[in-house]
Structure formats: C-alpha cells, structure tokens
file final-v8.pdb (PDB, C-alpha atoms)
ATOM      1  CA  MET Z   1    -101.715  15.158 -14.902
ATOM      2  CA  ALA Z   2     -99.391  12.474 -16.196
ATOM      3  CA  ALA Z   3     -98.458  14.642 -19.181
ATOM      4  CA  LEU Z   4     -97.428  17.522 -16.917
ATOM      5  CA  PHE Z   5     -95.227  15.196 -14.828
ATOM      6  CA  LEU Z   6     -93.486  13.841 -17.940
ATOM      7  CA  LYS Z   7     -92.829  17.369 -19.207
ATOM      8  CA  ARG Z   8     -91.175  18.433 -15.915
ATOM      9  CA  LEU Z   9     -89.058  15.267 -15.831
ATOM     10  CA  THR Z  10     -87.858  15.886 -19.373
ATOM     11  CA  LEU Z  11     -86.835  19.473 -18.530
ATOM     12  CA  GLN Z  12     -84.969  18.304 -15.415
ATOM     13  CA  ILE Z  13     -83.007  15.636 -17.358
ATOM     14  CA  THR Z  14     -82.085  18.157 -20.052
ATOM     15  CA  LYS Z  15     -80.862  20.652 -17.471
ATOM     16  CA  THR Z  16     -78.738  17.979 -15.716
ATOM     17  CA  GLU Z  17     -77.123  16.885 -19.013
ATOM     18  CA  ASN Z  18     -76.248  20.487 -19.905
ATOM     19  CA  ASN Z  19     -74.571  21.002 -16.509
ATOM     20  CA  CYS Z  20     -72.489  17.818 -16.967
ATOM     21  CA  ILE Z  21     -71.399  18.882 -20.445
ATOM     22  CA  ARG Z  22     -70.336  22.358 -19.187
ATOM     23  CA  SER Z  23     -68.383  20.848 -16.287
ATOM     24  CA  CYS Z  24     -66.510  18.379 -18.498
ATOM     25  CA  TRP Z  25     -65.824  20.980 -21.157
ATOM     26  CA  GLY Z  26     -64.477  23.434 -18.537
ATOM     27  CA  LYS Z  27     -62.029  20.859 -17.154
ATOM     28  CA  TYR Z  28     -60.859  20.016 -20.666
ATOM     29  CA  VAL Z  29     -60.207  23.684 -21.513
ATOM     30  CA  VAL Z  30     -58.289  24.259 -18.271
ATOM     31  CA  GLN Z  31     -56.057  21.211 -18.889
ATOM     32  CA  LYS Z  32     -55.274  22.320 -22.425
ATOM     33  CA  MET Z  33     -54.325  25.815 -21.316
ATOM     34  CA  ALA Z  34     -52.090  24.444 -18.553
ATOM     35  CA  SER Z  35     -50.276  22.121 -20.946
ATOM     36  CA  ALA Z  36     -49.845  24.875 -23.528
ATOM     37  CA  GLN Z  37     -48.081  27.213 -21.069
ATOM     38  CA  PRO Z  38     -44.455  26.237 -20.201
ATOM     39  CA  SER Z  39     -43.654  25.524 -16.550
ATOM     40  CA  PRO Z  40     -41.641  28.316 -14.930
ATOM     41  CA  ILE Z  41     -39.422  25.730 -13.201
ATOM     42  CA  ALA Z  42     -38.815  23.683 -16.327
ATOM     43  CA  SER Z  43     -38.136  26.694 -18.560
ATOM     44  CA  ALA Z  44     -35.838  28.442 -16.101
ATOM     45  CA  PRO Z  45     -32.216  28.373 -17.243
ATOM     46  CA  ARG Z  46     -29.876  26.085 -15.296
ATOM     47  CA  PRO Z  47     -27.653  28.193 -13.030
ATOM     48  CA  SER Z  48     -23.976  27.944 -13.851
ATOM     49  CA  CYS Z  49     -23.184  27.233 -10.195
ATOM     50  CA  LEU Z  50     -25.073  23.908 -10.440
ATOM     51  CA  THR Z  51     -22.732  22.409 -13.018
ATOM     52  CA  HIS Z  52     -21.132  19.105 -12.092
ATOM     53  CA  ALA Z  53     -17.821  19.311 -10.254
ATOM     54  CA  LYS Z  54     -15.471  16.472  -9.352
ATOM     55  CA  ALA Z  55     -15.583  15.683  -5.649
ATOM     56  CA  PHE Z  56     -12.330  15.456  -3.706
ATOM     57  CA  SER Z  57     -11.231  14.829  -0.134
ATOM     58  CA  MET Z  58      -8.216  15.451   2.074
ATOM     59  CA  GLU Z  59      -7.080  11.877   1.402
ATOM     60  CA  ASP Z  60      -6.970  12.617  -2.334
ATOM     61  CA  ILE Z  61      -4.827  15.685  -1.632
ATOM     62  CA  ARG Z  62      -2.432  13.654   0.539
ATOM     63  CA  ASP Z  63      -2.145  10.962  -2.149
ATOM     64  CA  GLU Z  64      -1.338  13.614  -4.726
ATOM     65  CA  GLN Z  65       1.299  15.151  -2.458
ATOM     66  CA  ARG Z  66       2.900  11.759  -1.786
ATOM     67  CA  LYS Z  67       2.933  10.990  -5.498
ATOM     68  CA  LYS Z  68       4.513  14.346  -6.291
ATOM     69  CA  LYS Z  69       7.143  13.882  -3.593
ATOM     70  CA  LYS Z  70       7.970  10.418  -4.911
ATOM     71  CA  ASP Z  71       8.276  11.728  -8.462
ATOM     72  CA  ASP Z  72      10.592  14.505  -7.280
ATOM     73  CA  THR Z  73      12.954  12.086  -5.550
ATOM     74  CA  ALA Z  74      12.822   9.277  -8.123
ATOM     75  CA  PHE Z  75      15.988   8.734 -10.158
ATOM     76  CA  SER Z  76      14.662   8.917 -13.696
ATOM     77  CA  ASN Z  77      14.935  10.845 -16.911
ATOM     78  CA  ILE Z  78      12.742  13.948 -16.867
ATOM     79  CA  GLY Z  79      13.010  14.443 -20.627
ATOM     80  CA  ARG Z  80      12.458  17.992 -21.858
ATOM     81  CA  LYS Z  81      10.098  18.938 -19.026
ATOM     82  CA  ILE Z  82      12.435  21.364 -17.278
ATOM     83  CA  SER Z  83      10.232  23.609 -15.172
ATOM     84  CA  GLU Z  84      13.045  25.988 -14.148
ATOM     85  CA  ARG Z  85      14.497  28.578 -16.522
ATOM     86  CA  ILE Z  86      18.053  28.420 -15.175
ATOM     87  CA  ILE Z  87      19.531  25.217 -13.713
ATOM     88  CA  HIS Z  88      22.879  24.004 -12.381
ATOM     89  CA  VAL Z  89      24.214  21.249 -14.652
ATOM     90  CA  LEU Z  90      26.772  18.425 -14.270
ATOM     91  CA  ASP Z  91      27.928  16.377 -17.244
ATOM     92  CA  GLU Z  92      28.022  12.570 -17.434
ATOM     93  CA  GLN Z  93      31.526  12.520 -15.914
ATOM     94  CA  GLY Z  94      30.466  14.625 -12.921
ATOM     95  CA  ASN Z  95      32.162  17.795 -14.182
ATOM     96  CA  ASP Z  96      30.488  21.066 -13.220
ATOM     97  CA  LEU Z  97      29.102  22.909 -16.251
ATOM     98  CA  GLY Z  98      27.753  25.769 -14.157
ATOM     99  CA  HIS Z  99      24.415  27.534 -14.559
ATOM    100  CA  MET Z 100      22.744  27.026 -17.919
ATOM    101  CA  HIS Z 101      19.509  28.044 -19.621
ATOM    102  CA  ARG Z 102      17.094  25.163 -20.165
ATOM    103  CA  ALA Z 103      17.177  25.719 -23.941
ATOM    104  CA  THR Z 104      20.954  25.193 -23.905
ATOM    105  CA  VAL Z 105      20.555  22.033 -21.830
ATOM    106  CA  ILE Z 106      18.007  20.622 -24.262
ATOM    107  CA  ARG Z 107      20.355  21.333 -27.145
ATOM    108  CA  LEU Z 108      23.177  19.455 -25.377
ATOM    109  CA  MET Z 109      20.853  16.520 -24.768
ATOM    110  CA  ASP Z 110      20.021  16.326 -28.477
ATOM    111  CA  GLU Z 111      23.610  16.756 -29.663
ATOM    112  CA  ARG Z 112      25.145  14.160 -27.324
ATOM    113  CA  ASP Z 113      22.168  11.792 -26.918
ATOM    114  CA  LEU Z 114      22.014  12.280 -23.146
ATOM    115  CA  ARG Z 115      19.263  12.232 -20.526
ATOM    116  CA  LEU Z 116      18.646  14.666 -17.704
ATOM    117  CA  VAL Z 117      18.045  13.585 -14.089
ATOM    118  CA  ARG Z 118      17.486  15.546 -10.877
ATOM    119  CA  ARG Z 119      20.320  15.601  -8.370
ATOM    120  CA  ASP Z 120      19.313  18.306  -5.890
ATOM    121  CA  PRO Z 121      15.885  19.877  -6.582
ATOM    122  CA  GLY Z 122      16.126  21.928  -3.373
ATOM    123  CA  ALA Z 123      19.293  23.773  -4.421
ATOM    124  CA  GLU Z 124      19.210  27.291  -5.829
ATOM    125  CA  PRO Z 125      19.237  26.945  -8.748
ATOM    126  CA  PRO Z 126      18.231  23.248  -8.825
ATOM    127  CA  LYS Z 127      21.022  20.805  -9.663
ATOM    128  CA  TYR Z 128      20.683  18.376 -12.585
ATOM    129  CA  GLN Z 129      23.030  15.954 -14.310
ATOM    130  CA  LEU Z 130      23.352  14.760 -17.874
ATOM    131  CA  LEU Z 131      23.689  10.967 -18.063
ATOM    132  CA  THR Z 132      23.538   8.195 -20.611
ATOM    133  CA  GLY Z 133      20.807   5.571 -20.544
ATOM    134  CA  ALA Z 134      23.306   2.946 -19.329
ATOM    135  CA  GLN Z 135      24.435   5.182 -16.453
ATOM    136  CA  ILE Z 136      20.827   5.702 -15.342
ATOM    137  CA  HIS Z 137      20.236   1.937 -15.404
ATOM    138  CA  GLN Z 138      23.340   1.224 -13.302
ATOM    139  CA  GLU Z 139      22.412   3.916 -10.784
ATOM    140  CA  ARG Z 140      18.917   2.464 -10.409
ATOM    141  CA  LEU Z 141      20.389  -0.979  -9.707
ATOM    142  CA  ARG Z 142      22.723   0.511  -7.087
ATOM    143  CA  LEU Z 143      19.888   2.354  -5.345
ATOM    144  CA  ARG Z 144      17.766  -0.797  -5.398
ATOM    145  CA  GLU Z 145      20.514  -2.799  -3.689
ATOM    146  CA  LEU Z 146      20.912  -0.098  -1.045
ATOM    147  CA  GLU Z 147      17.151  -0.180  -0.399
ATOM    148  CA  LYS Z 148      17.229  -3.947   0.071
ATOM    149  CA  ALA Z 149      20.154  -3.658   2.495
ATOM    150  CA  LYS Z 150      18.275  -1.260   4.789
ATOM    151  CA  PRO Z 151      16.989  -2.872   7.988
ATOM    152  CA  ARG Z 152      13.238  -3.299   8.029
ATOM    153  CA  THR Z 153      11.567  -1.271  10.753
ATOM    154  CA  GLY Z 154       8.130  -2.856  10.417
ATOM    155  CA  PRO Z 155       6.541  -5.065  13.083
ATOM    156  CA  THR Z 156       8.103  -8.506  13.551
ATOM    157  CA  LEU Z 157       5.696 -11.334  12.737
ATOM    158  CA  THR Z 158       5.416 -14.343  15.000
ATOM    159  CA  LYS Z 159       4.793 -17.919  13.899
ATOM    160  CA  GLU Z 160       3.338 -20.463  16.317
ATOM    161  CA  LEU Z 161       4.058 -24.164  16.537
ATOM    162  CA  THR Z 162       2.601 -26.691  19.022
ATOM    163  CA  PHE Z 163       3.430 -30.377  19.445
ATOM    164  CA  SER Z 164       3.678 -33.032  22.153
ATOM    165  CA  SER Z 165       6.780 -34.023  24.090
ATOM    166  CA  ASN Z 166       6.182 -37.595  22.853
ATOM    167  CA  ILE Z 167       6.965 -36.508  19.280
ATOM    168  CA  GLY Z 168       9.131 -38.871  17.262
ATOM    169  CA  GLN Z 169      12.588 -37.887  16.060
ATOM    170  CA  HIS Z 170      11.569 -37.799  12.401
ATOM    171  CA  ASP Z 171       8.616 -35.472  13.101
ATOM    172  CA  LEU Z 172      10.821 -33.323  15.322
ATOM    173  CA  ASP Z 173      13.378 -32.957  12.526
ATOM    174  CA  THR Z 174      10.596 -31.883  10.151
ATOM    175  CA  LYS Z 175       9.333 -29.239  12.558
ATOM    176  CA  THR Z 176      12.895 -28.063  13.224
ATOM    177  CA  LYS Z 177      13.406 -27.447   9.499
ATOM    178  CA  GLN Z 178      10.188 -25.418   9.423
ATOM    179  CA  ILE Z 179      11.434 -23.313  12.348
ATOM    180  CA  GLN Z 180      14.762 -22.755  10.580
ATOM    181  CA  GLN Z 181      12.958 -21.464   7.494
ATOM    182  CA  TRP Z 182      10.923 -19.020   9.601
ATOM    183  CA  ILE Z 183      14.050 -17.797  11.384
ATOM    184  CA  GLU Z 184      15.752 -17.188   8.018
ATOM    185  CA  LYS Z 185      12.780 -14.999   7.062
ATOM    186  CA  ASN Z 186      13.207 -12.958  10.286
ATOM    187  CA  TYR Z 187      10.108 -14.357  11.980
ATOM    188  CA  ARG Z 188       9.820 -14.943  15.717
ATOM    189  CA  VAL Z 189       8.736 -18.497  16.491
ATOM    190  CA  GLN Z 190       6.589 -19.332  19.501
ATOM    191  CA  ILE Z 191       6.994 -23.028  20.371
ATOM    192  CA  THR Z 192       4.625 -24.808  22.750
ATOM    193  CA  VAL Z 193       5.424 -28.337  23.876
ATOM    194  CA  LYS Z 194       2.633 -30.216  25.653
ATOM    195  CA  LYS Z 195       3.781 -32.638  28.315
ATOM    196  CA  GLY Z 196       3.040 -36.294  27.745
ATOM    197  CA  LYS Z 197       0.620 -38.215  29.923
ATOM    198  CA  SER Z 198       3.264 -40.680  31.034
ATOM    199  CA  ALA Z 199       4.132 -40.309  34.689
ATOM    200  CA  GLU Z 200       7.682 -41.515  34.009
ATOM    201  CA  GLU Z 201       8.500 -38.529  31.774
ATOM    202  CA  PRO Z 202      11.245 -36.365  33.347
ATOM    203  CA  GLU Z 203      10.581 -32.682  33.945
ATOM    204  CA  SER Z 204      13.614 -31.669  31.907
ATOM    205  CA  LYS Z 205      12.487 -33.404  28.697
ATOM    206  CA  THR Z 206      10.730 -30.343  27.275
ATOM    207  CA  GLU Z 207      13.769 -28.133  27.899
ATOM    208  CA  GLU Z 208      15.964 -30.697  26.154
ATOM    209  CA  ILE Z 209      13.688 -30.465  23.117
ATOM    210  CA  PHE Z 210      14.012 -26.670  23.036
ATOM    211  CA  ASN Z 211      17.815 -26.838  23.358
ATOM    212  CA  GLN Z 212      17.996 -29.473  20.636
ATOM    213  CA  ILE Z 213      16.063 -27.204  18.271
ATOM    214  CA  LEU Z 214      18.202 -24.173  19.118
ATOM    215  CA  GLN Z 215      21.474 -26.081  18.599
ATOM    216  CA  THR Z 216      20.535 -26.668  14.953
ATOM    217  CA  MET Z 217      20.749 -22.895  14.354
ATOM    218  CA  PRO Z 218      24.085 -21.770  15.830
ATOM    219  CA  GLY Z 219      24.693 -18.064  15.352
ATOM    220  CA  ARG Z 220      21.278 -17.540  13.785
ATOM    221  CA  ALA Z 221      18.737 -17.663  16.621
ATOM    222  CA  THR Z 222      18.437 -17.240  20.351
ATOM    223  CA  PHE Z 223      15.771 -17.266  23.069
ATOM    224  CA  SER Z 224      13.577 -14.182  23.087
ATOM    225  CA  SER Z 225      11.554 -15.775  25.881
ATOM    226  CA  LYS Z 226      13.103 -18.699  27.751
ATOM    227  CA  PRO Z 227      11.087 -21.891  28.394
ATOM    228  CA  GLN Z 228       8.416 -21.408  31.030
ATOM    229  CA  PRO Z 229       5.426 -23.530  32.147
ATOM    230  CA  ILE Z 230       1.926 -22.553  30.987
ATOM    231  CA  ARG Z 231      -1.584 -24.024  31.223
ATOM    232  CA  GLY Z 232      -1.079 -24.938  34.843
ATOM    233  CA  GLY Z 233       2.146 -26.783  34.151
ATOM    234  CA  LYS Z 234       0.655 -28.987  31.419
ATOM    235  CA  ALA Z 235       2.817 -27.365  28.717
ATOM    236  CA  VAL Z 236       6.037 -25.379  28.304
ATOM    237  CA  MET Z 237       6.398 -22.419  25.954
ATOM    238  CA  CYS Z 238       9.343 -20.419  24.608
ATOM    239  CA  VAL Z 239       9.964 -17.876  21.830
ATOM    240  CA  LEU Z 240      12.918 -17.985  19.440
ATOM    241  CA  ARG Z 241      14.050 -14.908  17.544
ATOM    242  CA  PRO Z 242      16.651 -14.391  14.797
ATOM    243  CA  LEU Z 243      19.918 -12.722  15.729
ATOM    244  CA  SER Z 244      20.566  -9.287  14.300
ATOM    245  CA  ARG Z 245      23.078  -8.892  11.501
ATOM    246  CA  ARG Z 246      25.540  -7.115  13.791
ATOM    247  CA  LYS Z 247      25.474  -9.930  16.341
ATOM    248  CA  ARG Z 248      25.964 -12.501  13.602
ATOM    249  CA  GLN Z 249      29.039 -10.640  12.375
ATOM    250  CA  CYS Z 250      30.428 -10.441  15.916
ATOM    251  CA  LEU Z 251      29.956 -14.186  16.421
ATOM    252  CA  GLN Z 252      31.667 -14.950  13.123
ATOM    253  CA  GLN Z 253      34.628 -12.767  14.109
ATOM    254  CA  LEU Z 254      34.877 -14.526  17.487
ATOM    255  CA  ARG Z 255      34.690 -17.955  15.917
ATOM    256  CA  GLY Z 256      37.416 -17.174  13.402
ATOM    257  CA  PRO Z 257      40.342 -17.000  15.904
ATOM    258  CA  GLN Z 258      38.929 -19.960  17.855
ATOM    259  CA  GLU Z 259      38.800 -22.166  14.768
ATOM    260  CA  GLU Z 260      42.370 -21.174  13.843
ATOM    261  CA  THR Z 261      43.649 -22.161  17.319
ATOM    262  CA  LEU Z 262      41.959 -25.518  16.986
TER
END

call {"tool": "encode", "arguments": {"input": "final-v8.pdb", "output": "structure tokens"}}
result
Amino acid sequence: MAALFLKRLTLQITKTENNCIRSCWGKYVVQKMASAQPSPIASAPRPSCLTHAKAFSMEDIRDEQRKKKKDDTAFSNIGRKISERIIHVLDEQGNDLGHMHRATVIRLMDERDLRLVRRDPGAEPPKYQLLTGAQIHQERLRLRELEKAKPRTGPTLTKELTFSSNIGQHDLDTKTKQIQQWIEKNYRVQITVKKGKSAEEPESKTEEIFNQILQTMPGRATFSSKPQPIRGGKAVMCVLRPLSRRKRQCLQQLRGPQEETL
C-alpha cells in the first residue's frame, strides 16, 4: 500500500516539474521574439514637420522692426551694401551728381576713398551722399549735441527732504546745497519742515526757512507748491521746481537793463 502511494506521489511531482519548465520556457521564447522584432514606433521615420524650429513672439518682431528703423535713420557708413540698383548721389561738397548705378558709386568710393551715407531713404530713388571719414565724424558730433539740447519729455523725478524748524544754520546750509544740486539736475524737491516743540516759536518761522532756501537760487527755482500746513498743523510742506530754460533766458534779459541802470 505504501509502495503504491509513493509511486503516485512521484508521478505527480514529475508532472508538476514538467509544467513549470514549459511555462518558463514559453515566457522566455516570447520575450526573445519580442526583442528581436523592431518596435513600429521606434522604427518609424521622424516626420519632417517635427523638426526643431526657433520660437518667436510679437515682441521679437517689434524689436527687429525698431532695430531696422534705427539702422535706417542712423548716420553711418553703409559700405558697399547698396540694396537699390539706382540711387540719387551727392558728393562730399553737397553737389548733385544725379542718378547713378550702384556699381558706378562703388567705383567712385574706391577711387576717391569716400564713404556712403543715407540722406533720404524715402525718396525715389533714395538719396545718398559721399563723405570722408572726417566729415562723418563731425556730423555725428553735431547730431549728438542736438540730441542733448532737446528738452526731456520724461517724467520729472521728485526728491524729498525733511528736517526740523530748530535746525542750526550750518546744517541748513548743507541741506540748501543738496537742494541746489537737485534743482540743477532738473529734480523737483519736496521740503517738509516739522515745527519745533517750543511754544515761543513764531508761526512764520517755517515760511522764513523756505524763503531763505529759495533766495539762494535766484532765477533757477520757484515754488511749484507754496508752503502749506500738513499733519494737523505739526509740519509745513512745499515743493520747489527748476525754472524752464525759456524763463531763465527771460529773467536774464530783464536783469540786464536793470543792472546797467544801477
């Protein structure tokens, strides 16, 4: 009886081992076949439409347009890069040479050691002038001086200064010099004077301080905002602004006859 049981157990173990071997071998074969065949996604050719392209925005386009406009109006030698076939040419003395082919202009530049600058790109045909290097340098200096002389249209900056009405004369002179420097740089200056705690201080002391500061800058500054109490009457504030160039010139013209009469 025991021998029969052992025989059946042996057959069952053998059968189980064969099933395990077949299962493992089947998985191994399937994995090998899958790795041997190329993936359809990996082997597919990359579409040409997926190639990398440089991204751009409307701001980039505006920057490029501003740069192009600046280059068109800049006073500089354009070299041999003449985009037009026929151009209107002036010589270095301002004489009109008429319409010329760009090849002829380049030949003149080489023969006479001249440069070519744009004068009127919007004309038809565009107007250019032949100049020497020294003439171009002088013209750039002249244009730079004209640019500096233009009035600035940007926002006016305001400086602020606060001190007590009990300030000493030396400290007041130091602060007055600082205000003068700001006025020379076309700043507005907001001055706040805090009233002293002394009950004997006259009400007009703060206004006297403002007038004393303003008198050190005759013909250069004036009140943009006259002295007025703030903080419940505990301080007085005013704003000084620089005089415009035209008003300065008018004051100088008025002072001239007065000084002569004196």

call {"tool": "atom_distance", "arguments": {"input": "final-v8.pdb", "atom1": "CA of His170 (chain Z)", "atom2": "CA of Pro242 (chain Z)"}}
result
24.1 Å

call {"tool": "resolve_selection", "arguments": {"input": "final-v8.pdb", "expression": "the PyMOL selection byres ((chain Z and resi 126) around 10)", "output": "PyMOL selection string"}}
result
chain Z and resi 84+86-89+99+118-125+127-128

call {"tool": "write_last_selection", "arguments": {"input": "final-v8.pdb", "atoms": "C-alpha atoms", "output": "short mmCIF file (atom, residue, chain, number, x, y, z; two decimals), in the frame of the given file"}}
result
data_model
loop_
_atom_site.label_atom_id
_atom_site.label_comp_id
_atom_site.auth_asym_id
_atom_site.auth_seq_id
_atom_site.Cartn_x
_atom_site.Cartn_y
_atom_site.Cartn_z
CA GLU Z 84 13.04 25.99 -14.15
CA ILE Z 86 18.05 28.42 -15.18
CA ILE Z 87 19.53 25.22 -13.71
CA HIS Z 88 22.88 24.00 -12.38
CA VAL Z 89 24.21 21.25 -14.65
CA HIS Z 99 24.42 27.53 -14.56
CA ARG Z 118 17.49 15.55 -10.88
CA ARG Z 119 20.32 15.60 -8.37
CA ASP Z 120 19.31 18.31 -5.89
CA PRO Z 121 15.88 19.88 -6.58
CA GLY Z 122 16.13 21.93 -3.37
CA ALA Z 123 19.29 23.77 -4.42
CA GLU Z 124 19.21 27.29 -5.83
CA PRO Z 125 19.24 26.94 -8.75
CA LYS Z 127 21.02 20.80 -9.66
CA TYR Z 128 20.68 18.38 -12.58
#

call {"tool": "residues_around", "arguments": {"input": "final-v8.pdb", "residues": "Leu97 (chain Z)", "least_positions_apart": "3", "cutoff": "12 Å", "atoms": "all atoms listed in the file", "output": "list in words"}}
result
Ile87, His88, Val89, Leu90, Asp91, Glu92, Gln93, Gly94, Met100, His101, Thr104, Val105, Leu108, Lys127, Tyr128, Gln129 and Leu130 of chain Z

call {"tool": "residues_near_point", "arguments": {"input": "final-v8.pdb", "point": "(15.9, -14.2, 11.7)", "cutoff": "6 Å", "atoms": "all atoms listed in the file", "output": "list of chain:residue names"}}
result
Z:Ile183, Z:Glu184, Z:Lys185, Z:Asn186, Z:Tyr187, Z:Pro242, Z:Leu243

call {"tool": "resolve_selection", "arguments": {"input": "final-v8.pdb", "expression": "the PyMOL selection byres ((chain Z and resi 217-227) around 6)", "output": "MDAnalysis selection string"}}
result
chainID Z and resid 214:216 228 237:243 248

call {"tool": "atom_distance", "arguments": {"input": "final-v8.pdb", "atom1": "CA of Lys81 (chain Z)", "atom2": "CA of Gly133 (chain Z)"}}
result
17.2 Å
